[in-house]
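Have a look at start_17.pdb below; it lists PDB, C-alpha atoms and all ligand atoms.
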ATOM      1  CA  MET A   1     107.020 130.399  80.300  1.00  0.00           C
ATOM      2  CA  ASP A   2     110.538 130.251  78.811  1.00  0.00           C
ATOM      3  CA  GLU A   3     110.795 134.041  78.940  1.00  0.00           C
ATOM      4  CA  ILE A   4     109.589 134.238  82.553  1.00  0.00           C
ATOM      5  CA  ARG A   5     111.957 131.438  83.586  1.00  0.00           C
ATOM      6  CA  ALA A   6     114.869 133.259  81.928  1.00  0.00           C
ATOM      7  CA  LYS A   7     114.016 136.496  83.761  1.00  0.00           C
ATOM      8  CA  ILE A   8     113.833 134.674  87.095  1.00  0.00           C
ATOM      9  CA  ARG A   9     117.179 132.978  86.461  1.00  0.00           C
ATOM     10  CA  ALA A  10     118.765 136.277  85.449  1.00  0.00           C
ATOM     11  CA  PHE A  11     117.461 138.073  88.541  1.00  0.00           C
ATOM     12  CA  ARG A  12     118.805 135.289  90.774  1.00  0.00           C
ATOM     13  CA  ASP A  13     122.141 134.904  89.030  1.00  0.00           C
ATOM     14  CA  GLU A  14     122.892 138.642  88.890  1.00  0.00           C
ATOM     15  CA  ARG A  15     122.724 138.520  92.690  1.00  0.00           C
ATOM     16  CA  ASP A  16     124.591 135.215  93.070  1.00  0.00           C
ATOM     17  CA  TRP A  17     121.658 133.776  95.016  1.00  0.00           C
ATOM     18  CA  LYS A  18     121.529 130.317  93.475  1.00  0.00           C
ATOM     19  CA  GLN A  19     123.785 129.132  96.296  1.00  0.00           C
ATOM     20  CA  PHE A  20     120.893 129.778  98.718  1.00  0.00           C
ATOM     21  CA  HIS A  21     118.134 128.303  96.585  1.00  0.00           C
ATOM     22  CA  ASN A  22     118.186 124.650  97.624  1.00  0.00           C
ATOM     23  CA  PRO A  23     114.881 122.735  97.386  1.00  0.00           C
ATOM     24  CA  LYS A  24     114.171 122.932 101.132  1.00  0.00           C
ATOM     25  CA  ASP A  25     114.607 126.684 101.335  1.00  0.00           C
ATOM     26  CA  MET A  26     112.684 127.228  98.133  1.00  0.00           C
ATOM     27  CA  ALA A  27     109.772 125.209  99.576  1.00  0.00           C
ATOM     28  CA  ILE A  28     110.003 127.257 102.787  1.00  0.00           C
ATOM     29  CA  ALA A  29     110.004 130.474 100.762  1.00  0.00           C
ATOM     30  CA  ILE A  30     106.861 129.369  98.890  1.00  0.00           C
ATOM     31  CA  SER A  31     105.164 128.637 102.206  1.00  0.00           C
ATOM     32  CA  ILE A  32     106.195 132.027 103.625  1.00  0.00           C
ATOM     33  CA  GLU A  33     104.891 133.831 100.557  1.00  0.00           C
ATOM     34  CA  ALA A  34     101.615 131.879 100.827  1.00  0.00           C
ATOM     35  CA  SER A  35     101.394 133.084 104.427  1.00  0.00           C
ATOM     36  CA  GLU A  36     101.968 136.648 103.264  1.00  0.00           C
ATOM     37  CA  LEU A  37      99.051 136.154 100.874  1.00  0.00           C
ATOM     38  CA  LEU A  38      96.923 134.885 103.762  1.00  0.00           C
ATOM     39  CA  GLU A  39      97.868 137.888 105.875  1.00  0.00           C
ATOM     40  CA  ASN A  40      95.768 140.051 103.545  1.00  0.00           C
ATOM     41  CA  PHE A  41      92.674 138.230 104.816  1.00  0.00           C
ATOM     42  CA  LEU A  42      93.569 137.692 108.461  1.00  0.00           C
ATOM     43  CA  TRP A  43      90.691 138.398 110.890  1.00  0.00           C
ATOM     44  CA  LYS A  44      88.355 139.420 108.087  1.00  0.00           C
ATOM     45  CA  PRO A  45      84.924 137.769 108.234  1.00  0.00           C
ATOM     46  CA  PRO A  46      83.628 136.122 105.037  1.00  0.00           C
ATOM     47  CA  ASP A  47      81.250 138.985 104.283  1.00  0.00           C
ATOM     48  CA  GLU A  48      84.169 141.459 104.133  1.00  0.00           C
ATOM     49  CA  LEU A  49      86.402 139.435 101.804  1.00  0.00           C
ATOM     50  CA  ASP A  50      85.194 140.940  98.530  1.00  0.00           C
ATOM     51  CA  GLU A  51      85.888 144.431  99.853  1.00  0.00           C
ATOM     52  CA  ARG A  52      89.263 143.296 101.203  1.00  0.00           C
ATOM     53  CA  VAL A  53      90.283 141.989  97.790  1.00  0.00           C
ATOM     54  CA  ILE A  54      89.598 145.444  96.352  1.00  0.00           C
ATOM     55  CA  GLU A  55      91.447 147.242  99.156  1.00  0.00           C
ATOM     56  CA  LYS A  56      94.489 144.959  99.095  1.00  0.00           C
ATOM     57  CA  ARG A  57      94.597 144.228  95.374  1.00  0.00           C
ATOM     58  CA  GLU A  58      98.223 145.266  94.870  1.00  0.00           C
ATOM     59  CA  SER A  59      99.472 143.319  97.880  1.00  0.00           C
ATOM     60  CA  ILE A  60      97.514 140.222  96.827  1.00  0.00           C
ATOM     61  CA  GLU A  61      98.965 140.487  93.320  1.00  0.00           C
ATOM     62  CA  ASP A  62     102.471 140.857  94.723  1.00  0.00           C
ATOM     63  CA  GLU A  63     102.167 137.797  96.955  1.00  0.00           C
ATOM     64  CA  ILE A  64     100.670 135.675  94.187  1.00  0.00           C
ATOM     65  CA  ALA A  65     103.604 136.726  92.000  1.00  0.00           C
ATOM     66  CA  ASP A  66     106.106 135.905  94.768  1.00  0.00           C
ATOM     67  CA  ILE A  67     104.638 132.411  95.117  1.00  0.00           C
ATOM     68  CA  ALA A  68     104.693 131.906  91.356  1.00  0.00           C
ATOM     69  CA  ILE A  69     108.262 133.159  90.987  1.00  0.00           C
ATOM     70  CA  TYR A  70     109.576 130.774  93.637  1.00  0.00           C
ATOM     71  CA  LEU A  71     107.479 127.946  92.209  1.00  0.00           C
ATOM     72  CA  VAL A  72     108.771 128.486  88.676  1.00  0.00           C
ATOM     73  CA  GLU A  73     112.348 128.621  89.952  1.00  0.00           C
ATOM     74  CA  LEU A  74     111.976 125.533  92.145  1.00  0.00           C
ATOM     75  CA  ALA A  75     110.571 123.551  89.240  1.00  0.00           C
ATOM     76  CA  ASP A  76     113.364 124.870  87.017  1.00  0.00           C
ATOM     77  CA  ASN A  77     116.050 123.931  89.554  1.00  0.00           C
ATOM     78  CA  LEU A  78     114.625 120.413  89.856  1.00  0.00           C
ATOM     79  CA  ASP A  79     114.277 120.035  86.078  1.00  0.00           C
ATOM     80  CA  ILE A  80     110.510 119.736  86.427  1.00  0.00           C
ATOM     81  CA  ASP A  81     108.357 120.942  83.535  1.00  0.00           C
ATOM     82  CA  LEU A  82     105.864 123.023  85.502  1.00  0.00           C
ATOM     83  CA  LEU A  83     103.186 123.182  82.818  1.00  0.00           C
ATOM     84  CA  ASP A  84     103.492 119.446  82.188  1.00  0.00           C
ATOM     85  CA  VAL A  85     103.108 118.521  85.867  1.00  0.00           C
ATOM     86  CA  ILE A  86     100.171 120.918  86.218  1.00  0.00           C
ATOM     87  CA  GLU A  87      98.444 119.199  83.309  1.00  0.00           C
ATOM     88  CA  LYS A  88      99.174 115.763  84.785  1.00  0.00           C
ATOM     89  CA  LYS A  89      97.858 116.820  88.196  1.00  0.00           C
ATOM     90  CA  ILE A  90      94.677 118.226  86.671  1.00  0.00           C
ATOM     91  CA  GLU A  91      94.154 114.827  85.038  1.00  0.00           C
ATOM     92  CA  LYS A  92      94.695 113.099  88.398  1.00  0.00           C
ATOM     93  CA  ASN A  93      92.266 115.507  90.047  1.00  0.00           C
ATOM     94  CA  GLU A  94      89.695 114.845  87.333  1.00  0.00           C
ATOM     95  CA  SER A  95      89.776 111.131  88.122  1.00  0.00           C
ATOM     96  CA  LYS A  96      89.877 111.753  91.884  1.00  0.00           C
ATOM     97  CA  TYR A  97      87.003 114.226  91.716  1.00  0.00           C
ATOM     98  CA  PRO A  98      84.706 113.177  88.865  1.00  0.00           C
ATOM     99  CA  ALA A  99      82.240 116.008  88.274  1.00  0.00           C
ATOM    100  CA  SER A 100      79.379 113.524  88.182  1.00  0.00           C
ATOM    101  CA  LEU A 101      80.206 112.552  91.772  1.00  0.00           C
ATOM    102  CA  VAL A 102      81.364 115.781  93.415  1.00  0.00           C
ATOM    103  CA  LYS A 103      79.587 118.652  91.670  1.00  0.00           C
ATOM    104  CA  GLY A 104      78.616 121.323  94.186  1.00  0.00           C
ATOM    105  CA  SER A 105      80.366 119.576  97.077  1.00  0.00           C
ATOM    106  CA  SER A 106      83.515 120.661  98.929  1.00  0.00           C
ATOM    107  CA  LYS A 107      84.224 117.252 100.480  1.00  0.00           C
ATOM    108  CA  LYS A 108      87.726 115.800 100.243  1.00  0.00           C
ATOM    109  CA  TYR A 109      88.057 112.732  97.999  1.00  0.00           C
ATOM    110  CA  THR A 110      88.474 110.509 101.069  1.00  0.00           C
ATOM    111  CA  GLU A 111      84.950 111.430 102.175  1.00  0.00           C
ATOM    112  CA  TYR A 112      83.288 109.872  99.128  1.00  0.00           C
ATOM    113  CA  SER A 113      82.221 106.289  99.635  1.00  0.00           C
ATOM    114  CA  ASP A 114      82.829 105.268  96.043  1.00  0.00           C
ATOM    115  CA  LYS A 115      86.092 107.160  95.621  1.00  0.00           C
ATOM    116  CA  GLU A 116      88.143 106.127  92.627  1.00  0.00           C
ATOM    117  CA  SER A 117      91.613 106.977  93.912  1.00  0.00           C
ATOM    118  CA  ASP A 118      93.641 106.789  97.092  1.00  0.00           C
ATOM    119  CA  GLY A 119      96.397 109.165  95.941  1.00  0.00           C
ATOM    120  CA  GLU A 120      96.928 112.724  97.121  1.00  0.00           C
TER     121      GLU A 120
HETATM  122 MG    MG B 201     106.006 138.471  99.511  1.00  0.00          MG
END
Can the structure from this file be put into structure tokens for me?
Amino acid sequence: MDEIRAKIRAFRDERDWKQFHNPKDMAIAISIEASELLENFLWKPPDELDERVIEKRESIEDEIADIAIYLVELADNLDIDLLDVIEKKIEKNESKYPASLVKGSSKKYTEYSDKESDGE
């Protein structure tokens, strides 16, 4: 992670782009890149998605990387330890979605009658 973060910083700083990378615009950029990822699947019915993933593999990889690059930089800029907050959120999700309660279900935590958490 340190090496990736250093490469992202170097790419940005060689172009003097830090001045544009405020938290709002970084969040917008992540959302735009997520939309670019979605575009690979637009109008495709569920039974064509596996084939689409094969056809658009490089584009899907690129958009996933774009999202990750902006996410790593945003966390870096805000002095957030990305791996640490991911681990903490997984722990929160484990208590919000106990496997014994939700296994095999796609319901949101608010739809369980004996939910254990009201957080997001
Ligand atoms: Mg992109």
Can you list what the PyMOL selection byres (((chain A and resi 4) around 12) and not hetatm) grabs from this structure, as a PDB file with C-alpha atoms, keeping the file's coordinate frame?
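Result file part-v5.pdb:
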ATOM      1  CA  MET A   1     107.020 130.399  80.300  1.00  0.00           C
ATOM      2  CA  ASP A   2     110.538 130.251  78.811  1.00  0.00           C
ATOM      3  CA  GLU A   3     110.795 134.041  78.940  1.00  0.00           C
ATOM      4  CA  ARG A   5     111.957 131.438  83.586  1.00  0.00           C
ATOM      5  CA  ALA A   6     114.869 133.259  81.928  1.00  0.00           C
ATOM      6  CA  LYS A   7     114.016 136.496  83.761  1.00  0.00           C
ATOM      7  CA  ILE A   8     113.833 134.674  87.095  1.00  0.00           C
ATOM      8  CA  ARG A   9     117.179 132.978  86.461  1.00  0.00           C
ATOM      9  CA  ALA A  10     118.765 136.277  85.449  1.00  0.00           C
ATOM     10  CA  PHE A  11     117.461 138.073  88.541  1.00  0.00           C
ATOM     11  CA  ALA A  65     103.604 136.726  92.000  1.00  0.00           C
ATOM     12  CA  ALA A  68     104.693 131.906  91.356  1.00  0.00           C
ATOM     13  CA  ILE A  69     108.262 133.159  90.987  1.00  0.00           C
ATOM     14  CA  TYR A  70     109.576 130.774  93.637  1.00  0.00           C
ATOM     15  CA  LEU A  71     107.479 127.946  92.209  1.00  0.00           C
ATOM     16  CA  VAL A  72     108.771 128.486  88.676  1.00  0.00           C
ATOM     17  CA  GLU A  73     112.348 128.621  89.952  1.00  0.00           C
ATOM     18  CA  ASP A  76     113.364 124.870  87.017  1.00  0.00           C
TER      19      ASP A  76
END
Looking at A:Glu39, A:Asp81, A:Glu33, A:Asp47, which one is nearest to ligand MG 201 (chain B), with distances taken over all atoms listed in the file? A:Glu33
Atom pair CA of Asp25 (chain A) / CA of Leu42 (chain A): separation (Å):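 CA of Leu42 (chain A) lies 24.8 Å from CA of Asp25 (chain A).
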Once the PyMOL selection byres (((not hetatm)) within 6 of (chain B and resi 201)) has been evaluated on this model, what residues remain selected, and can you format them as a PyMOL selection string? chain A and resi 33+36+63+66
By how many Å are CA of Ser95 (chain A) and CA of Lys107 (chain A) apart?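 CA of Ser95 (chain A) sits 14.9 Å away from CA of Lys107 (chain A).
The interatomic distance for the pair CA of Trp17 (chain A) and CA of Leu74 (chain A) works out to 13.0 Å.
Counting all atoms listed in the file, the residue from A:Glu87, A:Asn77, A:Tyr97, A:Thr110 that sits nearest to Asn22 (chain A) is A:Asn77.
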Selection result for the PyMOL selection byres (((chain A and resi 40) around 10) and not hetatm) on this file, as a ChimeraX atom specification: /A:35-39,41-44,49,52-53,55-57,59-60,63
